[in-house]
file run-v5.pdb (PDB, C-alpha atoms)
ATOM      1  CA  MET S   1      34.460  28.557 -28.714  1.00  0.00           C
ATOM      2  CA  GLU S   2      35.521  31.673 -26.807  1.00  0.00           C
ATOM      3  CA  GLU S   3      31.885  32.788 -26.510  1.00  0.00           C
ATOM      4  CA  LYS S   4      31.076  29.606 -24.563  1.00  0.00           C
ATOM      5  CA  ASN S   5      33.922  30.277 -22.109  1.00  0.00           C
ATOM      6  CA  VAL S   6      32.652  33.798 -21.419  1.00  0.00           C
ATOM      7  CA  SER S   7      29.157  32.572 -20.568  1.00  0.00           C
ATOM      8  CA  VAL S   8      30.534  29.844 -18.291  1.00  0.00           C
ATOM      9  CA  GLU S   9      32.751  32.366 -16.479  1.00  0.00           C
ATOM     10  CA  SER S  10      29.872  34.792 -15.974  1.00  0.00           C
ATOM     11  CA  LYS S  11      27.677  32.013 -14.617  1.00  0.00           C
ATOM     12  CA  LYS S  12      30.394  31.042 -12.144  1.00  0.00           C
ATOM     13  CA  ARG S  13      30.405  34.616 -10.846  1.00  0.00           C
ATOM     14  CA  GLY S  14      26.630  34.412 -10.363  1.00  0.00           C
ATOM     15  CA  LEU S  15      25.793  37.459 -12.481  1.00  0.00           C
ATOM     16  CA  PRO S  16      23.055  36.206 -14.813  1.00  0.00           C
ATOM     17  CA  TRP S  17      20.371  35.330 -12.272  1.00  0.00           C
ATOM     18  CA  LYS S  18      16.971  34.492 -13.514  1.00  0.00           C
ATOM     19  CA  LYS S  19      14.357  37.206 -13.230  1.00  0.00           C
ATOM     20  CA  THR S  20      12.186  35.024 -11.031  1.00  0.00           C
ATOM     21  CA  VAL S  21      14.932  34.646  -8.426  1.00  0.00           C
ATOM     22  CA  VAL S  22      15.539  38.404  -8.341  1.00  0.00           C
ATOM     23  CA  ILE S  23      11.819  39.100  -7.972  1.00  0.00           C
ATOM     24  CA  LEU S  24      11.553  36.598  -5.095  1.00  0.00           C
ATOM     25  CA  TYR S  25      14.499  38.217  -3.274  1.00  0.00           C
ATOM     26  CA  ILE S  26      12.949  41.675  -3.771  1.00  0.00           C
ATOM     27  CA  CYS S  27       9.626  40.413  -2.376  1.00  0.00           C
ATOM     28  CA  ALA S  28      11.475  38.988   0.630  1.00  0.00           C
ATOM     29  CA  GLY S  29      13.150  42.347   1.248  1.00  0.00           C
ATOM     30  CA  ILE S  30       9.867  44.231   0.959  1.00  0.00           C
ATOM     31  CA  SER S  31       8.204  41.768   3.342  1.00  0.00           C
ATOM     32  CA  ILE S  32      10.966  42.279   5.932  1.00  0.00           C
ATOM     33  CA  ILE S  33      10.578  46.065   5.653  1.00  0.00           C
ATOM     34  CA  ILE S  34       6.810  45.779   6.123  1.00  0.00           C
ATOM     35  CA  ALA S  35       7.336  43.394   9.073  1.00  0.00           C
ATOM     36  CA  GLY S  36       9.601  45.983  10.700  1.00  0.00           C
ATOM     37  CA  LEU S  37       7.038  48.735  10.171  1.00  0.00           C
ATOM     38  CA  MET S  38       4.227  46.564  11.516  1.00  0.00           C
ATOM     39  CA  THR S  39       6.292  45.748  14.608  1.00  0.00           C
ATOM     40  CA  TYR S  40       6.915  49.458  15.194  1.00  0.00           C
ATOM     41  CA  PHE S  41       3.251  50.400  14.727  1.00  0.00           C
ATOM     42  CA  SER S  42       2.053  47.516  16.900  1.00  0.00           C
ATOM     43  CA  LEU S  43       4.384  48.512  19.748  1.00  0.00           C
ATOM     44  CA  ALA S  44       3.391  52.167  19.386  1.00  0.00           C
ATOM     45  CA  TYR S  45      -0.295  51.223  19.564  1.00  0.00           C
ATOM     46  CA  VAL S  46       0.159  48.983  22.593  1.00  0.00           C
ATOM     47  CA  LEU S  47       2.199  51.624  24.438  1.00  0.00           C
ATOM     48  CA  ASP S  48      -0.453  54.283  23.699  1.00  0.00           C
ATOM     49  CA  TYR S  49      -3.254  51.914  24.721  1.00  0.00           C
ATOM     50  CA  TYR S  50      -1.707  50.991  28.051  1.00  0.00           C
ATOM     51  CA  GLY S  51      -0.633  54.611  28.629  1.00  0.00           C
ATOM     52  CA  SER S  52      -4.181  55.935  28.059  1.00  0.00           C
ATOM     53  CA  TYR S  53      -5.511  53.653  30.820  1.00  0.00           C
ATOM     54  CA  GLY S  54      -2.571  54.355  33.116  1.00  0.00           C
ATOM     55  CA  MET S  55      -1.390  50.738  33.067  1.00  0.00           C
ATOM     56  CA  SER S  56       2.119  49.328  32.777  1.00  0.00           C
ATOM     57  CA  VAL S  57       3.063  47.257  29.708  1.00  0.00           C
ATOM     58  CA  THR S  58       4.888  44.769  31.942  1.00  0.00           C
ATOM     59  CA  SER S  59       1.653  43.947  33.774  1.00  0.00           C
ATOM     60  CA  ASP S  60       0.310  42.080  30.734  1.00  0.00           C
ATOM     61  CA  LEU S  61       3.475  41.328  28.779  1.00  0.00           C
ATOM     62  CA  LYS S  62       2.040  38.097  27.364  1.00  0.00           C
ATOM     63  CA  SER S  63      -0.766  39.939  25.529  1.00  0.00           C
ATOM     64  CA  VAL S  64       1.659  42.580  24.237  1.00  0.00           C
ATOM     65  CA  ILE S  65       3.984  39.952  22.717  1.00  0.00           C
ATOM     66  CA  GLN S  66       1.019  38.123  21.217  1.00  0.00           C
ATOM     67  CA  TYR S  67      -0.330  41.321  19.612  1.00  0.00           C
ATOM     68  CA  VAL S  68       3.050  42.336  18.167  1.00  0.00           C
ATOM     69  CA  ILE S  69       3.753  38.869  16.751  1.00  0.00           C
ATOM     70  CA  SER S  70       0.278  38.553  15.240  1.00  0.00           C
ATOM     71  CA  GLY S  71       0.733  41.939  13.549  1.00  0.00           C
ATOM     72  CA  SER S  72       4.168  41.274  12.052  1.00  0.00           C
ATOM     73  CA  GLY S  73       4.536  37.472  12.051  1.00  0.00           C
ATOM     74  CA  THR S  74       2.737  36.999   8.765  1.00  0.00           C
ATOM     75  CA  TYR S  75       5.138  39.337   6.985  1.00  0.00           C
ATOM     76  CA  ILE S  76       8.152  37.612   8.516  1.00  0.00           C
ATOM     77  CA  GLY S  77       6.755  34.255   7.376  1.00  0.00           C
ATOM     78  CA  PHE S  78       6.279  35.514   3.825  1.00  0.00           C
ATOM     79  CA  ALA S  79       9.777  37.009   3.808  1.00  0.00           C
ATOM     80  CA  VAL S  80      11.268  33.649   4.799  1.00  0.00           C
ATOM     81  CA  ALA S  81       9.129  31.840   2.204  1.00  0.00           C
ATOM     82  CA  PHE S  82      10.129  34.249  -0.597  1.00  0.00           C
ATOM     83  CA  TRP S  83      13.816  34.049   0.351  1.00  0.00           C
ATOM     84  CA  ALA S  84      13.752  30.221   0.539  1.00  0.00           C
ATOM     85  CA  ALA S  85      11.973  29.933  -2.822  1.00  0.00           C
ATOM     86  CA  GLY S  86      14.551  32.236  -4.437  1.00  0.00           C
ATOM     87  CA  LEU S  87      17.412  30.282  -2.901  1.00  0.00           C
ATOM     88  CA  ILE S  88      15.988  26.949  -4.060  1.00  0.00           C
ATOM     89  CA  LEU S  89      15.392  28.199  -7.620  1.00  0.00           C
ATOM     90  CA  ASN S  90      18.895  29.653  -7.776  1.00  0.00           C
ATOM     91  CA  ARG S  91      20.498  26.394  -6.633  1.00  0.00           C
ATOM     92  CA  LEU S  92      18.365  24.313  -8.994  1.00  0.00           C
ATOM     93  CA  ASP S  93      19.411  26.576 -11.856  1.00  0.00           C
ATOM     94  CA  HIS S  94      23.085  26.024 -11.028  1.00  0.00           C
ATOM     95  CA  ILE S  95      22.564  22.258 -10.706  1.00  0.00           C
ATOM     96  CA  LEU S  96      20.770  22.060 -14.066  1.00  0.00           C
ATOM     97  CA  ASP S  97      23.483  24.132 -15.769  1.00  0.00           C
ATOM     98  CA  GLN S  98      26.143  21.841 -14.325  1.00  0.00           C
ATOM     99  CA  GLU S  99      24.267  18.724 -15.480  1.00  0.00           C
ATOM    100  CA  LYS S 100      23.892  20.161 -18.987  1.00  0.00           C
ATOM    101  CA  GLU S 101      27.648  20.707 -19.150  1.00  0.00           C
ATOM    102  CA  ASP S 102      28.324  17.173 -17.860  1.00  0.00           C
ATOM    103  CA  VAL S 103      25.912  15.578 -20.341  1.00  0.00           C
ATOM    104  CA  SER S 104      27.348  17.510 -23.272  1.00  0.00           C
ATOM    105  CA  GLU S 105      30.842  16.344 -22.316  1.00  0.00           C
ATOM    106  CA  LYS S 106      29.753  12.694 -22.009  1.00  0.00           C
ATOM    107  CA  PHE S 107      27.979  12.423 -25.330  1.00  0.00           C
ATOM    108  CA  GLU S 108      30.262  13.094 -28.233  1.00  0.00           C
ATOM    109  CA  THR S 109      29.232  12.803 -31.847  1.00  0.00           C
ATOM    110  CA  LYS S 110      30.301   9.781 -33.864  1.00  0.00           C
ATOM    111  CA  GLU S 111      32.529  11.973 -36.030  1.00  0.00           C
ATOM    112  CA  ASP S 112      34.583  12.901 -32.959  1.00  0.00           C
ATOM    113  CA  LYS S 113      35.373   9.270 -32.255  1.00  0.00           C
ATOM    114  CA  GLU S 114      37.036   7.182 -34.959  1.00  0.00           C
ATOM    115  CA  PRO S 115      36.756   3.392 -34.494  1.00  0.00           C
ATOM    116  CA  GLU S 116      39.986   1.477 -34.219  1.00  0.00           C
ATOM    117  CA  LEU S 117      40.762  -1.065 -36.925  1.00  0.00           C
ATOM    118  CA  ILE S 118      41.439  -4.607 -35.770  1.00  0.00           C
ATOM    119  CA  GLU S 119      42.958  -7.287 -37.953  1.00  0.00           C
ATOM    120  CA  GLY S 120      40.742 -10.361 -38.205  1.00  0.00           C
ATOM    121  CA  GLU S 121      41.899 -13.984 -38.664  1.00  0.00           C
ATOM    122  CA  ALA S 122      41.758 -13.824 -42.452  1.00  0.00           C
ATOM    123  CA  GLY S 123      43.568 -10.496 -42.565  1.00  0.00           C
ATOM    124  CA  GLU S 124      40.314  -8.569 -42.974  1.00  0.00           C
ATOM    125  CA  ALA S 125      40.028  -5.299 -41.147  1.00  0.00           C
ATOM    126  CA  GLU S 126      37.152  -5.051 -38.702  1.00  0.00           C
ATOM    127  CA  THR S 127      36.202  -2.125 -36.552  1.00  0.00           C
ATOM    128  CA  ASP S 128      35.938  -2.532 -32.807  1.00  0.00           C
ATOM    129  CA  LEU S 129      32.242  -1.746 -33.199  1.00  0.00           C
ATOM    130  CA  GLU S 130      31.648  -4.736 -35.473  1.00  0.00           C
ATOM    131  CA  LEU S 131      33.291  -7.541 -33.490  1.00  0.00           C
ATOM    132  CA  SER S 132      31.635 -10.931 -33.756  1.00  0.00           C
ATOM    133  CA  ASP S 133      30.125 -12.726 -30.795  1.00  0.00           C
ATOM    134  CA  THR S 134      32.815 -14.771 -29.007  1.00  0.00           C
ATOM    135  CA  THR S 135      30.659 -16.675 -26.538  1.00  0.00           C
ATOM    136  CA  PRO S 136      31.015 -20.487 -26.605  1.00  0.00           C
ATOM    137  CA  LYS S 137      27.478 -20.979 -27.946  1.00  0.00           C
ATOM    138  CA  ALA S 138      28.155 -18.533 -30.768  1.00  0.00           C
ATOM    139  CA  GLN S 139      31.344 -20.407 -31.692  1.00  0.00           C
ATOM    140  CA  GLU S 140      29.431 -23.728 -31.769  1.00  0.00           C
ATOM    141  CA  ARG S 141      26.858 -22.194 -34.103  1.00  0.00           C
ATOM    142  CA  GLU S 142      29.608 -21.009 -36.438  1.00  0.00           C
ATOM    143  CA  GLU S 143      31.185 -24.495 -36.569  1.00  0.00           C
ATOM    144  CA  GLU S 144      27.946 -26.342 -37.384  1.00  0.00           C
ATOM    145  CA  PRO S 145      27.274 -26.447 -41.122  1.00  0.00           C
ATOM    146  CA  GLU S 146      23.877 -25.218 -42.136  1.00  0.00           C
ATOM    147  CA  GLU S 147      21.656 -27.752 -43.798  1.00  0.00           C
ATOM    148  CA  PRO S 148      19.699 -26.584 -46.774  1.00  0.00           C
ATOM    149  CA  SER S 149      16.069 -26.260 -45.872  1.00  0.00           C
ATOM    150  CA  GLN S 150      13.715 -28.358 -47.860  1.00  0.00           C
ATOM    151  CA  GLU S 151      10.473 -26.538 -48.000  1.00  0.00           C
ATOM    152  CA  LYS S 152       7.660 -28.178 -49.805  1.00  0.00           C
ATOM    153  CA  ASP S 153       5.736 -26.135 -52.245  1.00  0.00           C
ATOM    154  CA  PRO S 154       2.054 -26.194 -51.214  1.00  0.00           C
ATOM    155  CA  ASN S 155       0.982 -26.101 -54.884  1.00  0.00           C
ATOM    156  CA  GLU S 156       2.595 -29.433 -55.650  1.00  0.00           C
TER     157      GLU S 156
END

call {"tool": "encode", "arguments": {"input": "run-v5.pdb", "output": "structure tokens"}}
result
Amino acid sequence: MEEKNVSVESKKRGLPWKKTVVILYICAGISIIIAGLMTYFSLAYVLDYYGSYGMSVTSDLKSVIQYVISGSGTYIGFAVAFWAAGLILNRLDHILDQEKEDVSEKFETKEDKEPELIEGEAGEAETDLELSDTTPKAQEREEEPEEPSQEKDPNE
């Protein structure tokens, strides 16, 4: 019983993440680092390019921004995708764990629940699980005497 409490407490603290979630977060971090490096190298290239021709970067700022974004945008996109996938998997894991706990609390075994005894009309004990049908049609059926069926033997 105490072992179950320890695992629930550690899950509440968020320690036992799944390996997949950790790998996705690591990939997101690596992608952000690469995006930063690509931005730096793209800006360095553009500055050298414009400097070699004696031009100002501000003269064609639109092309500079486009070149830098095309060089690093893909890595930023992957970083966001990896991070979002890790976040979604982590939240789904917590939701599924919570549902498992809720379901296990709802469904108890039959041994855990003892049926109550109810005294019937004739003093017989019935369980609350075995109560007879009390609808008006059921009461009419109980009052009508059954007639013996007269089946004819086909061999006669």

call {"tool": "resolve_selection", "arguments": {"input": "run-v5.pdb", "expression": "the PyMOL selection byres ((chain S and resi 24) around 10)", "output": "PyMOL selection string"}}
result
chain S and resi 19-23+25-30+79+81-87+89

call {"tool": "write_last_selection", "arguments": {"input": "run-v5.pdb", "atoms": "C-alpha atoms", "output": "PDB file, in the coordinates of the input"}}
result
ATOM      1  CA  LYS S  19      14.357  37.206 -13.230  1.00  0.00           C
ATOM      2  CA  THR S  20      12.186  35.024 -11.031  1.00  0.00           C
ATOM      3  CA  VAL S  21      14.932  34.646  -8.426  1.00  0.00           C
ATOM      4  CA  VAL S  22      15.539  38.404  -8.341  1.00  0.00           C
ATOM      5  CA  ILE S  23      11.819  39.100  -7.972  1.00  0.00           C
ATOM      6  CA  TYR S  25      14.499  38.217  -3.274  1.00  0.00           C
ATOM      7  CA  ILE S  26      12.949  41.675  -3.771  1.00  0.00           C
ATOM      8  CA  CYS S  27       9.626  40.413  -2.376  1.00  0.00           C
ATOM      9  CA  ALA S  28      11.475  38.988   0.630  1.00  0.00           C
ATOM     10  CA  GLY S  29      13.150  42.347   1.248  1.00  0.00           C
ATOM     11  CA  ILE S  30       9.867  44.231   0.959  1.00  0.00           C
ATOM     12  CA  ALA S  79       9.777  37.009   3.808  1.00  0.00           C
ATOM     13  CA  ALA S  81       9.129  31.840   2.204  1.00  0.00           C
ATOM     14  CA  PHE S  82      10.129  34.249  -0.597  1.00  0.00           C
ATOM     15  CA  TRP S  83      13.816  34.049   0.351  1.00  0.00           C
ATOM     16  CA  ALA S  84      13.752  30.221   0.539  1.00  0.00           C
ATOM     17  CA  ALA S  85      11.973  29.933  -2.822  1.00  0.00           C
ATOM     18  CA  GLY S  86      14.551  32.236  -4.437  1.00  0.00           C
ATOM     19  CA  LEU S  87      17.412  30.282  -2.901  1.00  0.00           C
ATOM     20  CA  LEU S  89      15.392  28.199  -7.620  1.00  0.00           C
TER      21      LEU S  89
END

call {"tool": "resolve_selection", "arguments": {"input": "run-v5.pdb", "expression": "the PyMOL selection byres ((chain S and resi 41-58) around 9)", "output": "PyMOL selection string"}}
result
chain S and resi 36-40+59-62+64+67-69+71-72

call {"tool": "atom_distance", "arguments": {"input": "run-v5.pdb", "atom1": "atom CA of S:Asn90", "atom2": "atom CA of S:Phe78"}}
result
18.1 Å

call {"tool": "atom_distance", "arguments": {"input": "run-v5.pdb", "atom1": "atom CA of S:Tyr75", "atom2": "atom CA of S:Ser31"}}
result
5.3 Å
